[in-house]
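Single-structure report; data block below.
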Amino acid sequence: MLNKQQIRFCLDEMGKMFPHAHCELTHSNPFELIIAVSLSAQCTDALVNRVTEQLFKKYKRPEDYLAVPLEELQEDIRSIGLFRNKAKNIQKLCQMLLDEYGGEVPTTRDELIKLPGVGRKTANVVLSVAFGIPAIAVDTHVERVSKRLAFCRWKDNVLEVEKTLMRKVPENEWSITHHRMIFFGRYHCKSQNPQCPICPLNEICREGKKRLRKRV
């Protein structure tokens, strides 16, 4: 696994590559964000944004999602994968927000993960992006990059990856590191055809070295 100096090098290089990395889900408040992140499971941010462009015009508050039949909400998000389950969870989430939190999105991880359809990754995104609370959300990009670069072990599960990153990355950099790793994984260190030949991290990336050797 990489040492602190090597990890610092990786973080700095990602920062140079993606200095303006940010959450790409379109939203204007914490409620819209939690809906958007809930919809994004196994789906691209681009598709979610296309759906929420109209969705957020129709539904402004938790009450709005509960004022329509489930079938109508399902139809509104039909183009998104798992739309039936996601629609059910959105209505349950909205009901819980009204019953327990006065219609407002809670600001602690423990409260967030109690909401239907909200796991630790979603909770961390909301904490970081909506409320500015340091957190690292481990999605498929963050997990892939962490393992390829040997920030953590291949066998680590998502929670272990998150805890490892929290130990190795300064807390005041958790949120921006999360976004930069997502951009790095989404646009450079892709699942298929990663850009190894032009990667500035080749010298210390075990996966990159393997891939480049195979090209020779």
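Please note that chains go A, B, ... in the order of the structure tokens, that every chain numbers its residues from 1, and that ligands are numbered from 1 in the order shown.
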Worksheet item: Could you pull out the alpha helix (DSSP H) residues of chain A from DSSP and send them as a PyMOL selection string?
Response: chain A and resi 4-17+30-39+45-58+62-66+70-76+83-101+109-112+120-125+131+140-148+158-168+174-187+206-215
Practice prompt. Determine, counting only C-alpha atoms, which protein, DNA and RNA residues have an atom within 12 Å of an atom of A:Gln54; residues of the same chain fewer than 4 positions away are not included. Present the result as a ChimeraX atom specification.
Written response: /A:26-27,48-50,58-60,73,76-77
Worksheet entry | Nearest candidate to A:Ile7 (options A:Phe31, A:Phe83, A:Phe151, A:Tyr101; using only C-alpha atoms) | A:Phe151
Worksheet item: Which residues come within 10 Å of A:Leu159, counting only C-alpha atoms, excluding same-chain residues fewer than 6 positions away, as a list of chain:residue names?
Response: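 Once the nearby chain positions are removed, what remains is A:Arg120, A:Lys121, A:Ala137, A:Val138, A:Glu143, A:Leu165.
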Item to complete: Go through A:Cys94, A:Val125, A:Leu25, A:Cys10 and flag the residue nearest A:Ser146, using only C-alpha atoms for the distances.
Response: A:Cys10
Practice prompt. Pick out the residues sitting within 12 Å of stretch 104-111 of chain A, and hand them over as a PyMOL selection string; count only C-alpha atoms, and ignore anything fewer than 2 positions along from it in its own chain.
Written response: chain A and resi 29-35+61-63+93-102+113-116+118-137
